[in-house]
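Shown below: structure04.cif, with mmCIF, C-alpha atoms.
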data_start
#
loop_
_atom_site.label_atom_id
_atom_site.label_comp_id
_atom_site.auth_asym_id
_atom_site.auth_seq_id
_atom_site.Cartn_x
_atom_site.Cartn_y
_atom_site.Cartn_z
CA MET W 1 86.89 78.04 99.28
CA ALA W 2 89.23 77.59 102.21
CA ASP W 3 91.28 75.22 100.06
CA VAL W 4 91.52 77.77 97.29
CA ALA W 5 92.63 80.45 99.73
CA ARG W 6 95.22 78.12 101.24
CA THR W 7 96.54 77.15 97.80
CA LEU W 8 96.84 80.79 96.81
CA ALA W 9 98.75 81.61 99.99
CA GLU W 10 101.13 78.71 99.37
CA LEU W 11 101.66 79.87 95.81
CA GLY W 12 102.15 83.44 96.92
CA ARG W 13 104.99 82.40 99.22
CA ARG W 14 106.66 80.73 96.24
CA LEU W 15 106.13 83.67 93.93
CA ASP W 16 109.42 83.88 92.11
CA LEU W 17 111.12 87.07 91.10
CA PRO W 18 114.45 86.98 89.33
CA ASP W 19 117.59 87.32 91.42
CA GLY W 20 119.94 90.14 90.70
CA HIS W 21 117.24 92.60 89.69
CA ASP W 22 117.20 95.73 91.77
CA PRO W 23 114.50 98.11 90.52
CA ALA W 24 115.04 100.33 93.55
CA ALA W 25 118.67 100.91 92.62
CA ALA W 26 117.66 101.52 89.00
CA ALA W 27 115.01 104.01 90.08
CA VAL W 28 117.44 105.85 92.32
CA ALA W 29 119.96 106.00 89.49
CA ARG W 30 117.30 107.52 87.24
CA ILE W 31 116.40 110.07 89.90
CA ARG W 32 120.03 111.02 90.39
CA ALA W 33 120.47 111.37 86.63
CA ASP W 34 117.36 113.55 86.46
CA ARG W 35 118.72 115.75 89.22
CA ARG W 36 122.04 116.11 87.44
CA SER W 37 120.22 117.27 84.32
CA PHE W 38 118.59 120.12 86.21
CA VAL W 39 120.34 123.41 86.80
CA PRO W 40 120.33 123.98 90.58
CA GLU W 41 117.68 126.43 91.68
CA GLY W 42 120.08 128.96 93.12
CA ASP W 43 122.75 128.75 90.49
CA THR W 44 122.15 132.10 88.90
CA ASN W 45 125.80 132.50 87.94
CA GLU W 46 125.57 129.49 85.68
CA ARG W 47 122.37 130.82 84.19
CA ARG W 48 123.98 134.20 83.65
CA ALA W 49 126.91 132.52 81.96
CA ARG W 50 124.56 130.62 79.71
CA VAL W 51 122.70 133.78 78.84
CA ALA W 52 125.96 135.58 78.14
CA VAL W 53 126.96 132.89 75.66
CA LEU W 54 123.57 133.08 74.05
CA ALA W 55 123.83 136.83 73.88
CA ALA W 56 127.19 136.51 72.14
CA ALA W 57 125.66 134.04 69.73
CA ALA W 58 122.85 136.45 69.07
CA VAL W 59 125.32 139.15 67.99
CA VAL W 60 126.26 137.07 64.98
CA ALA W 61 122.73 135.96 64.40
CA LEU W 62 120.67 136.51 61.37
CA VAL W 63 118.00 138.33 63.26
CA VAL W 64 114.47 137.43 62.39
CA VAL W 65 112.92 139.11 65.40
CA VAL W 66 114.56 141.67 67.67
CA SER W 67 113.93 140.97 71.32
CA ALA W 68 113.59 144.53 72.60
CA PRO W 69 110.56 144.82 74.89
CA GLY W 70 108.93 147.60 72.89
CA PRO W 71 108.66 146.14 69.43
CA ARG W 72 108.60 142.63 70.79
CA GLY W 73 104.86 142.37 71.19
CA ALA W 74 104.17 143.89 67.81
CA LEU W 75 106.70 141.67 66.12
CA ALA W 76 105.39 138.62 67.88
CA ARG W 77 101.90 139.51 66.78
CA LEU W 78 103.25 140.03 63.28
CA LEU W 79 104.51 136.48 63.52
CA GLY W 80 101.13 135.52 64.87
CA VAL W 81 102.23 133.86 68.09
CA ASP W 82 102.18 136.04 71.18
CA GLY W 83 104.98 135.37 73.58
CA ILE W 84 107.25 133.65 71.10
CA GLU W 85 110.24 135.17 69.45
CA ILE W 86 112.39 133.24 67.06
CA THR W 87 115.90 134.38 66.38
CA ARG W 88 118.16 132.57 63.98
CA GLY W 89 121.76 132.36 65.11
CA ALA W 90 124.70 130.23 66.17
CA VAL W 91 124.19 127.39 68.59
CA ASP W 92 126.55 126.45 71.38
CA PRO W 93 126.37 122.65 71.57
CA GLY W 94 127.31 122.79 75.25
CA LEU W 95 124.20 124.66 76.06
CA GLY W 96 120.74 123.35 76.63
CA SER W 97 121.55 119.91 77.94
CA ALA W 98 119.61 120.75 81.10
CA LEU W 99 115.89 120.50 81.49
CA ASP W 100 114.96 123.26 83.86
CA LEU W 101 111.25 123.29 84.27
CA GLY W 102 110.88 124.39 87.88
CA GLU W 103 109.65 122.45 90.85
CA PRO W 104 107.88 119.07 90.71
CA GLU W 105 104.13 119.49 90.68
CA PRO W 106 101.38 116.93 91.37
CA LEU W 107 100.28 115.59 87.99
CA ASP W 108 96.59 116.20 88.57
CA ASP W 109 97.18 119.85 89.49
CA ALA W 110 99.41 120.38 86.49
CA GLN W 111 97.09 118.70 83.99
CA ALA W 112 94.18 120.83 85.20
CA ARG W 113 96.06 123.91 84.03
CA PHE W 114 96.33 122.83 80.41
CA GLY W 115 92.92 124.11 79.34
CA GLY W 116 91.84 120.87 77.70
CA VAL W 117 94.92 120.48 75.55
CA SER W 118 95.91 116.83 75.37
CA LEU W 119 98.24 114.59 73.45
CA ALA W 120 96.54 111.56 72.00
CA GLY W 121 98.42 108.31 72.12
CA LEU W 122 101.04 109.35 74.64
CA GLY W 123 99.13 108.16 77.68
CA LEU W 124 99.52 109.87 81.00
CA PRO W 125 102.56 112.05 81.57
CA ASP W 126 105.26 110.80 83.88
CA ALA W 127 106.10 114.01 85.70
CA ALA W 128 105.03 117.62 85.98
CA TYR W 129 106.88 120.77 86.92
CA ALA W 130 105.91 124.37 87.48
CA GLY W 131 107.62 127.70 87.73
CA ARG W 132 110.19 127.81 84.96
CA PRO W 133 109.64 130.14 83.28
CA ALA W 134 107.52 132.00 85.80
CA GLY W 135 103.89 131.06 85.44
CA ALA W 136 104.64 128.04 83.29
CA VAL W 137 103.60 124.46 83.87
CA SER W 138 105.22 121.52 82.09
CA LEU W 139 104.22 117.91 81.62
CA VAL W 140 106.96 115.39 80.84
CA TRP W 141 106.63 112.02 79.16
CA ARG W 142 109.51 109.61 79.58
CA ALA W 143 111.15 108.31 76.39
CA SER W 144 109.88 104.90 75.31
CA GLY W 145 109.76 102.66 72.27
CA ASP W 146 107.21 104.88 70.53
CA LEU W 147 108.59 108.09 71.90
CA PRO W 148 112.27 108.64 71.09
CA GLU W 149 114.44 110.35 73.63
CA ILE W 150 115.12 114.06 73.28
CA GLY W 151 118.85 114.55 73.22
CA GLY W 152 119.89 112.42 76.18
CA THR W 153 117.42 113.96 78.61
CA GLY W 154 115.48 110.77 79.30
CA ALA W 155 112.33 112.62 78.25
CA GLY W 156 110.34 111.73 75.14
CA ALA W 157 108.06 114.75 75.14
CA VAL W 158 107.71 117.97 77.12
CA LEU W 159 104.56 120.07 76.89
CA THR W 160 104.75 123.52 78.48
CA VAL W 161 101.98 126.08 78.84
CA PHE W 162 102.46 129.67 79.93
CA PRO W 163 100.46 132.91 79.80
CA ALA W 164 100.79 134.33 76.30
CA ASP W 165 101.86 137.76 77.48
CA GLY W 166 103.30 136.83 80.83
CA VAL W 167 106.71 135.79 79.70
CA ARG W 168 109.15 136.54 76.97
CA ILE W 169 110.66 133.61 75.18
CA GLY W 170 113.47 133.86 72.73
CA LYS W 171 114.30 130.81 70.72
CA VAL W 172 117.77 131.03 69.28
CA ALA W 173 117.68 128.73 66.34
CA GLY W 174 120.71 127.44 64.51
CA GLU W 175 121.02 128.05 60.81
CA ARG W 176 120.19 124.42 60.13
CA THR W 177 116.97 124.61 62.12
CA GLY W 178 113.85 124.66 59.98
CA ILE W 179 111.09 127.11 60.92
CA THR W 180 107.68 126.46 59.40
CA ALA W 181 104.39 128.29 60.02
CA VAL W 182 101.60 125.87 60.96
CA THR W 183 98.12 125.99 62.44
CA VAL W 184 97.11 123.98 65.48
CA GLY W 185 93.38 123.61 65.89
CA GLY W 186 92.94 126.85 63.96
CA HIS W 187 95.50 128.67 66.09
CA PRO W 188 98.73 130.04 64.65
CA GLY W 189 101.97 128.30 65.46
CA TYR W 190 105.46 127.38 64.35
CA TRP W 191 107.24 124.12 63.84
CA LEU W 192 110.99 124.07 64.47
CA ASP W 193 112.98 121.03 63.47
CA GLY W 194 116.30 119.88 62.13
CA ALA W 195 119.38 120.86 64.07
CA ALA W 196 119.36 121.46 67.77
CA HIS W 197 118.42 124.91 68.92
CA GLU W 198 118.51 126.77 72.16
CA VAL W 199 115.74 128.28 74.16
CA VAL W 200 116.04 131.41 76.24
CA TYR W 201 113.42 132.27 78.81
CA ASP W 202 113.29 135.73 80.25
CA THR W 203 110.70 136.25 82.92
CA GLY W 204 110.69 139.98 82.25
CA ASP W 205 111.26 140.90 85.89
CA GLY W 206 115.01 141.07 85.72
CA ARG W 207 115.57 137.43 86.54
CA THR W 208 117.81 135.41 84.33
CA ALA W 209 116.96 133.17 81.46
CA VAL W 210 117.16 129.43 81.03
CA ALA W 211 118.58 127.67 78.03
CA ARG W 212 118.30 124.10 76.96
CA LEU W 213 118.76 121.89 73.99
CA ALA W 214 115.44 121.36 72.30
CA GLY W 215 114.17 118.59 70.09
CA ASN W 216 111.66 119.23 67.36
CA THR W 217 109.35 121.87 68.74
CA LEU W 218 105.79 122.97 68.05
CA VAL W 219 104.77 126.33 69.52
CA TRP W 220 101.29 127.77 69.24
CA SER W 221 99.02 130.20 71.03
CA ASP W 222 95.29 130.28 71.57
CA GLY W 223 95.47 133.98 72.49
CA GLU W 224 95.42 133.43 76.24
CA ARG W 225 98.07 130.80 76.59
CA THR W 226 101.10 129.78 74.63
CA TYR W 227 101.94 126.11 74.30
CA ARG W 228 105.24 124.58 73.51
CA LEU W 229 105.64 120.88 72.73
CA GLU W 230 109.09 119.43 72.38
CA SER W 231 109.83 115.91 71.21
CA ALA W 232 111.91 113.95 68.75
CA LEU W 233 108.82 113.08 66.68
CA ASP W 234 108.23 114.41 63.17
CA ARG W 235 105.80 117.18 62.36
CA ALA W 236 102.97 114.99 61.10
CA SER W 237 103.10 112.81 64.20
CA VAL W 238 103.08 115.80 66.52
CA LEU W 239 100.32 117.68 64.73
CA SER W 240 98.14 114.58 64.68
CA ALA W 241 98.79 113.93 68.39
CA VAL W 242 97.84 117.40 69.62
CA SER W 243 94.23 117.94 70.58
CA PRO W 244 93.98 121.70 71.18
CA GLY W 245 91.03 121.34 73.58
CA MET Q 1 112.86 99.08 110.22
CA ALA Q 2 111.58 100.85 113.32
CA PRO Q 3 108.68 103.25 112.64
CA SER Q 4 110.67 106.18 114.01
CA ASP Q 5 113.56 105.38 111.65
CA GLU Q 6 111.18 105.18 108.74
CA ALA Q 7 109.51 108.45 109.69
CA ASP Q 8 112.92 110.09 109.76
CA LEU Q 9 113.82 108.68 106.35
CA VAL Q 10 110.50 109.83 104.92
CA GLU Q 11 111.06 113.37 106.19
CA ARG Q 12 114.54 113.44 104.73
CA ALA Q 13 113.34 112.02 101.42
CA ARG Q 14 110.54 114.58 101.26
CA ALA Q 15 113.20 117.24 101.67
CA GLY Q 16 115.08 115.88 98.65
CA ASP Q 17 117.52 113.42 100.22
CA VAL Q 18 117.94 110.72 97.59
CA ASP Q 19 120.00 108.50 99.92
CA ALA Q 20 117.16 108.45 102.42
CA TYR Q 21 114.75 107.57 99.63
CA ALA Q 22 117.04 104.73 98.53
CA ASP Q 23 116.94 103.31 102.08
CA LEU Q 24 113.16 103.50 102.10
CA LEU Q 25 112.92 101.71 98.77
CA ALA Q 26 115.30 98.99 99.89
CA ALA Q 27 113.02 98.30 102.84
CA HIS Q 28 109.89 97.98 100.68
CA GLN Q 29 111.24 96.65 97.41
CA ALA Q 30 110.37 93.01 98.04
CA ALA Q 31 106.74 93.83 98.81
CA ALA Q 32 106.56 96.13 95.80
CA ARG Q 33 107.95 93.48 93.43
CA ARG Q 34 105.53 90.86 94.71
CA LEU Q 35 102.62 93.28 94.36
CA ALA Q 36 103.60 94.26 90.82
CA ALA Q 37 103.87 90.59 89.85
CA ALA Q 38 100.57 89.68 91.49
CA LEU Q 39 98.67 92.47 89.74
CA GLY Q 40 100.34 92.53 86.35
CA GLY Q 41 102.17 89.22 86.03
CA SER Q 42 105.79 88.37 86.67
CA GLY Q 43 107.07 89.49 83.26
CA ASP Q 44 107.05 93.27 83.70
CA ALA Q 45 107.14 93.41 87.48
CA ASP Q 46 110.59 94.92 87.83
CA GLU Q 47 109.95 97.55 85.18
CA VAL Q 48 106.69 98.44 86.86
CA VAL Q 49 108.40 98.78 90.22
CA GLN Q 50 111.20 100.89 88.84
CA ASP Q 51 108.80 103.31 87.13
CA ALA Q 52 106.58 103.45 90.19
CA PHE Q 53 109.52 104.24 92.46
CA VAL Q 54 110.55 107.12 90.19
CA LYS Q 55 106.97 108.43 90.11
CA ALA Q 56 106.70 108.15 93.87
CA TRP Q 57 109.78 110.33 94.25
CA TYR Q 58 108.25 113.04 92.11
CA GLY Q 59 104.91 112.50 93.84
CA PHE Q 60 106.24 113.28 97.31
CA PRO Q 61 104.42 116.65 97.35
CA GLY Q 62 101.21 114.59 97.40
CA PHE Q 63 102.30 112.47 100.38
CA ARG Q 64 100.47 113.43 103.54
CA ARG Q 65 102.94 114.06 106.33
CA GLY Q 66 102.52 111.59 109.19
CA SER Q 67 100.73 108.96 107.13
CA ALA Q 68 102.15 105.48 106.54
CA PHE Q 69 104.72 105.30 103.78
CA ARG Q 70 104.39 101.65 102.74
CA PRO Q 71 100.69 101.71 101.70
CA TRP Q 72 101.24 105.02 99.88
CA LEU Q 73 104.20 103.56 97.97
CA LEU Q 74 102.42 100.28 97.23
CA ARG Q 75 99.41 102.16 95.95
CA ILE Q 76 101.62 103.89 93.38
CA VAL Q 77 103.06 100.51 92.42
CA ALA Q 78 99.55 99.08 92.07
CA ASN Q 79 98.46 102.02 89.92
CA GLU Q 80 101.49 101.64 87.70
CA ALA Q 81 100.89 97.91 87.30
CA ARG Q 82 97.24 98.44 86.43
CA ASN Q 83 97.96 101.35 84.07
CA ARG Q 84 100.49 99.25 82.23
CA ARG Q 85 98.06 96.36 82.07
CA ARG Q 86 95.37 98.61 80.61
CA ALA Q 87 97.81 100.11 78.12
CA ALA Q 88 98.79 96.62 76.98
CA GLY Q 89 95.10 95.77 76.54
CA ARG Q 90 94.33 92.40 75.07
CA ARG Q 91 97.98 91.73 74.39
CA ALA Q 92 98.60 91.55 78.11
CA GLY Q 93 99.07 88.07 79.45
CA TYR Q 94 98.95 87.14 83.11
CA GLU Q 95 101.72 84.80 83.98
CA LEU Q 96 103.18 84.07 87.37
CA ARG Q 97 106.42 82.29 88.02
CA PHE Q 98 107.08 80.27 91.12
CA ALA Q 99 110.19 79.12 92.84
CA THR Q 100 111.11 75.48 92.31
CA ASP Q 101 110.18 73.03 95.03
CA ARG Q 102 113.82 72.37 95.76
CA ALA Q 103 114.50 76.03 96.32
CA ALA Q 104 111.35 76.42 98.38
CA SER Q 105 111.90 73.37 100.57
CA ALA Q 106 115.65 73.67 101.12
CA GLY Q 107 116.87 70.62 99.28
CA ALA Q 108 113.95 68.19 99.53
CA GLU Q 109 113.65 67.60 95.79
CA PRO Q 110 110.32 66.08 94.68
CA SER Q 111 110.05 63.16 92.27
CA PRO Q 112 109.61 64.12 88.61
CA GLU Q 113 106.01 62.87 88.71
CA ALA Q 114 105.22 64.89 91.81
CA ALA Q 115 106.86 67.94 90.27
CA VAL Q 116 104.65 67.61 87.18
CA LEU Q 117 101.52 67.32 89.30
CA VAL Q 118 102.46 70.33 91.39
CA THR Q 119 103.26 72.33 88.27
CA GLU Q 120 99.94 71.42 86.68
CA ALA Q 121 98.06 72.31 89.85
CA ARG Q 122 99.75 75.70 89.88
CA ARG Q 123 98.95 76.24 86.24
CA SER Q 124 95.29 75.54 86.93
CA VAL Q 125 95.17 77.98 89.81
CA VAL Q 126 96.97 80.71 87.90
CA ALA Q 127 94.76 80.14 84.85
CA ALA Q 128 91.66 80.38 87.02
CA LEU Q 129 93.02 83.53 88.65
CA ALA Q 130 93.79 85.01 85.23
CA GLY Q 131 90.22 84.25 84.17
CA LEU Q 132 88.70 86.39 86.89
CA PRO Q 133 87.49 89.89 86.06
CA GLU Q 134 90.31 92.29 86.95
CA GLY Q 135 88.39 93.92 89.78
CA LEU Q 136 88.05 90.57 91.52
CA ARG Q 137 91.46 89.26 90.57
CA ASP Q 138 93.32 92.24 92.03
CA VAL Q 139 91.55 91.90 95.36
CA VAL Q 140 92.00 88.13 95.56
CA ALA Q 141 95.66 88.45 94.62
CA CYS Q 142 96.30 91.06 97.30
CA ARG Q 143 94.33 89.28 100.00
CA HIS Q 144 95.38 85.68 99.40
CA LEU Q 145 98.39 85.52 97.10
CA LEU Q 146 100.17 88.33 98.97
CA GLU Q 147 98.30 87.87 102.24
CA LEU Q 148 97.70 91.59 102.74
CA SER Q 149 95.11 92.57 105.31
CA GLU Q 150 91.69 93.83 104.22
CA GLN Q 151 92.67 97.31 105.30
CA GLU Q 152 95.97 97.33 103.43
CA THR Q 153 94.35 95.84 100.34
CA GLY Q 154 91.80 98.65 100.45
CA VAL Q 155 94.48 101.32 100.67
CA VAL Q 156 96.65 99.79 97.97
CA LEU Q 157 93.79 99.32 95.52
CA GLY Q 158 91.87 102.44 96.53
CA LEU Q 159 88.77 100.51 97.59
CA PRO Q 160 86.53 100.71 100.66
CA ARG Q 161 87.01 97.86 103.10
CA GLY Q 162 83.50 96.54 102.46
CA THR Q 163 84.23 96.29 98.75
CA VAL Q 164 87.44 94.40 99.48
CA LYS Q 165 85.48 91.96 101.61
CA SER Q 166 82.70 91.37 99.08
CA ARG Q 167 85.05 91.08 96.10
CA THR Q 168 87.28 88.66 97.98
CA SER Q 169 84.33 86.45 98.73
CA ARG Q 170 83.00 86.57 95.16
CA GLY Q 171 86.45 86.04 93.71
CA LEU Q 172 87.16 82.97 95.81
CA ARG Q 173 83.76 81.47 94.94
CA ARG Q 174 84.43 81.92 91.24
CA LEU Q 175 87.92 80.52 91.57
CA ALA Q 176 86.59 77.44 93.37
CA ARG Q 177 84.00 76.89 90.65
CA ALA Q 178 86.57 77.34 87.91
CA LEU Q 179 88.91 74.82 89.51
CA GLU Q 180 86.07 72.35 89.75
CA GLY Q 181 85.56 72.85 86.02
CA GLY Q 182 82.16 74.48 86.33
CA ASP Q 183 82.72 78.20 86.14
CA ARG Q 184 79.50 79.85 85.02
CA GLY Q 185 80.47 83.37 86.14
#

Now that the file is in, can you turn its structure into structure tokens?
Amino acid sequence: MADVARTLAELGRRLDLPDGHDPAAAAVARIRADRRSFVPEGDTNERRARVAVLAAAAVVALVVVVSAPGPRGALARLLGVDGIEITRGAVDPGLGSALDLGEPEPLDDAQARFGGVSLAGLGLPDAAYAGRPAGAVSLVWRASGDLPEIGGTGAGAVLTVFPADGVRIGKVAGERTGITAVTVGGHPGYWLDGAAHEVVYDTGDGRTAVARLAGNTLVWSDGERTYRLESALDRASVLSAVSPG
Amino acid sequence: MAPSDEADLVERARAGDVDAYADLLAAHQAAARRLAAALGGSGDADEVVQDAFVKAWYGFPGFRRGSAFRPWLLRIVANEARNRRRAAGRRAGYELRFATDRAASAGAEPSPEAAVLVTEARRSVVAALAGLPEGLRDVVACRHLLELSEQETGVVLGLPRGTVKSRTSRGLRRLARALEGGDRG
């Protein structure tokens, strides 16, 4: 046994790793790129500017749902998904390139808040964030061979959960964005695909909204929580991956 | 790196200083690469390390202030290597690459015959190591291939020290039997 241990130690000292590879530098580059893709926490002017552009876009929109607080709930219920409003309108391609999901959150804590909802076949998420919009928690899967990247974000899938009535979400969809009613585990939802669309979050307490480019998106509500899953996958793949819990 | 310097870098990194984090990673990259190779094979080691370093950055909220950075970081690397190994399932091979004798012995090149014998001996050891159950292999690799202490092996693999000790002993016995050609488990 001593011989085996000695041989292993000798081999270990000769363990060869290729020269010129610097995974630390690559990781730091990824982290810096991730940080660039996030709107700084305090940059409310930029957010206001984004919202202003979205508001201008909404003026020329073919309005499916009006986002006034009063009729909002009723209209959302008419659509069948509390907390989601879908407005068809023009899209500013400069908007939405930023993921803005809040602060990093320990994965275990974040996953515990998803009420049993899981995504089969995606494995464990790579990052979690909380707080954007208020009360929301998001899990992020990095893009990979089986999970195409969402519009240059580095992410392959983003699953967000938020209280169904705790936040107002307007989704400004371009005219080339398809909107299809679906059911997810018996719960009502919508599938948005096709052209890029923009997402506006309004926390309802006077704070500004967040906009970002979205991939194909599935939104559904179980009555207590609203879920939003964004990816570049097609509808069949997404619907088969979601386990509503 | 002096402990006080590292503690300062850790505090700055925790506060969001990417440059400080880069300095920390540079100090521990070699150990992380060796660990990733030892647990998952040489092929994916750099990818494993890169992903683990990104996850560690986002996992800083879970880092206990005042605790040692290196074992915490290496544990994330070990988890990433093992997760990737599990995800690959049966397709996963376990292959280790070693520096040539000339590179390792600064110019004293062995004869071709000696080189073949050394290579074959290495192949046998790596094949025997690959044949161990993963729970034993990981511990033996950390303890003897990487020469980590029992304590550090326990932290990195998330095992009690007693388990490290018993698995090391069992793993070495099985390796010895396998190399003698009589492995019966």

* **Straight-line distance linking CA of Arg6 in chain W with CA of Arg167 in chain Q, stated in Å to one decimal** =>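 Separation between CA of Arg6 in chain W and CA of Arg167 in chain Q: 17.3 Å.
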
Using all atoms listed in the file, what does the table of chain W residues within 12 Å of chain Q look like, with each row giving the shortest atom pair and its distance in Å to one decimal, sorted by chain and ascending number, as a tab-separated table?
residue	atom	partner	partner_atom	distance
W:Met1	CA	Q:Ala176	CA	5.9
W:Ala2	CA	Q:Leu172	CA	8.6
W:Asp3	CA	Q:Ala176	CA	8.5
W:Val4	CA	Q:Ala176	CA	6.3
W:Ala5	CA	Q:His144	CA	5.9
W:Arg6	CA	Q:His144	CA	7.8
W:Thr7	CA	Q:Val125	CA	8.1
W:Leu8	CA	Q:Leu145	CA	5.0
W:Ala9	CA	Q:Leu145	CA	4.9
W:Glu10	CA	Q:Leu145	CA	7.7
W:Leu11	CA	Q:Leu145	CA	6.7
W:Gly12	CA	Q:Leu145	CA	4.3
W:Arg13	CA	Q:Leu145	CA	7.6
W:Arg14	CA	Q:Phe98	CA	5.2
W:Leu15	CA	Q:Phe98	CA	4.5
W:Asp16	CA	Q:Phe98	CA	4.4
W:Leu17	CA	Q:Ser42	CA	7.1
W:Pro18	CA	Q:Asp46	CA	9.0
W:Asp19	CA	Q:Asp46	CA	10.9
W:Gly20	CA	Q:Asp46	CA	10.9
W:His21	CA	Q:Asp46	CA	7.3
W:Asp22	CA	Q:Asp46	CA	7.7
W:Pro23	CA	Q:Gln50	CA	4.6
W:Ala24	CA	Q:Leu25	CA	5.8
W:Ala25	CA	Q:Ala22	CA	7.2
W:Ala26	CA	Q:Gln50	CA	6.5
W:Ala27	CA	Q:Gln50	CA	5.1
W:Val28	CA	Q:Ala22	CA	6.3
W:Ala29	CA	Q:Val54	CA	9.5
W:Arg30	CA	Q:Val54	CA	7.4
W:Ile31	CA	Q:Val54	CA	6.6
W:Arg32	CA	Q:Val18	CA	7.5
W:Ala33	CA	Q:Val18	CA	11.3
W:Asp34	CA	Q:Val54	CA	10.1
W:Arg35	CA	Q:Val18	CA	9.8
W:Glu103	CA	Q:Tyr58	CA	9.6
W:Pro104	CA	Q:Tyr58	CA	6.2
W:Glu105	CA	Q:Pro61	CA	7.3
W:Pro106	CA	Q:Gly59	CA	6.2
W:Leu107	CA	Q:Gly59	CA	8.1
W:Asp108	CA	Q:Gly62	CA	10.1
W:Asp109	CA	Q:Gly62	CA	10.3
W:Gly121	CA	Q:Ala87	CA	10.2
W:Leu122	CA	Q:Ala87	CA	10.4
W:Gly123	CA	Q:Ala87	CA	8.2
W:Leu124	CA	Q:Asn83	CA	9.2
W:Pro125	CA	Q:Lys55	CA	10.3
W:Asp126	CA	Q:Lys55	CA	6.9
W:Ala127	CA	Q:Tyr58	CA	6.8
W:Ala128	CA	Q:Tyr58	CA	8.3
W:Tyr129	CA	Q:Tyr58	CA	9.4
W:Val140	CA	Q:Tyr58	CA	11.6
W:Trp141	CA	Q:Lys55	CA	11.5
W:Arg142	CA	Q:Asp51	CA	9.9
W:Ser144	CA	Q:Asp51	CA	12.0

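Applied to the file shown here, the PyMOL selection byres ((chain W and resi 233) around 8) selects the residues Leu147, Pro148, Asn216, Ser231, Ala232, Asp234, Arg235, Ser237 and Val238 of chain W.
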
* Asked: Which is closer to Arg84 in chain Q than all the others in Q:Val10, Q:Pro133, Q:Asp44, Q:Ser124, using all atoms listed in the file?
  -> Q:Asp44

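Among W:Gly215, W:Gly102, W:Gly154, W:Pro188, the residue with the shortest atom-to-atom distance to Gly131 in chain W, counting all atoms listed in the file, is W:Gly102.
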
* **CA of Glu120 in chain Q to CA of Val164 in chain Q, straight-line distance in Å** =>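 About the pair CA of Val164 in chain Q and CA of Glu120 in chain Q: they are 29.1 Å apart.
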
* To do: I would like the residues chosen by the PyMOL selection byres ((chain Q and resi 151) around 10) on the shown file; could you give them as a list in words?
  =>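 Checked against the file, the PyMOL selection byres ((chain Q and resi 151) around 10) matches Pro71, Arg143, Leu148, Ser149, Glu150, Glu152, Thr153, Gly154, Val155, Val156, Leu159, Pro160, Arg161, Gly162, Val164 and Lys165 of chain Q.
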
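You will find CA of Arg82 in chain Q at 27.6 Å from CA of Leu229 in chain W.
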
Residues within 6 Å of Thr226 in chain W, please, as a CSV table (one decimal) with C-alpha atoms, in the coordinates of the input. Count all atoms listed in the file; anything in the same chain fewer than 3 positions from it doesn't count.
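Result file around-v9.csv:
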chain,number,residue,atom,x,y,z
W,161,VAL,CA,102.0,126.1,78.8
W,162,PHE,CA,102.5,129.7,79.9
W,164,ALA,CA,100.8,134.3,76.3
W,220,TRP,CA,101.3,127.8,69.2
W,221,SER,CA,99.0,130.2,71.0
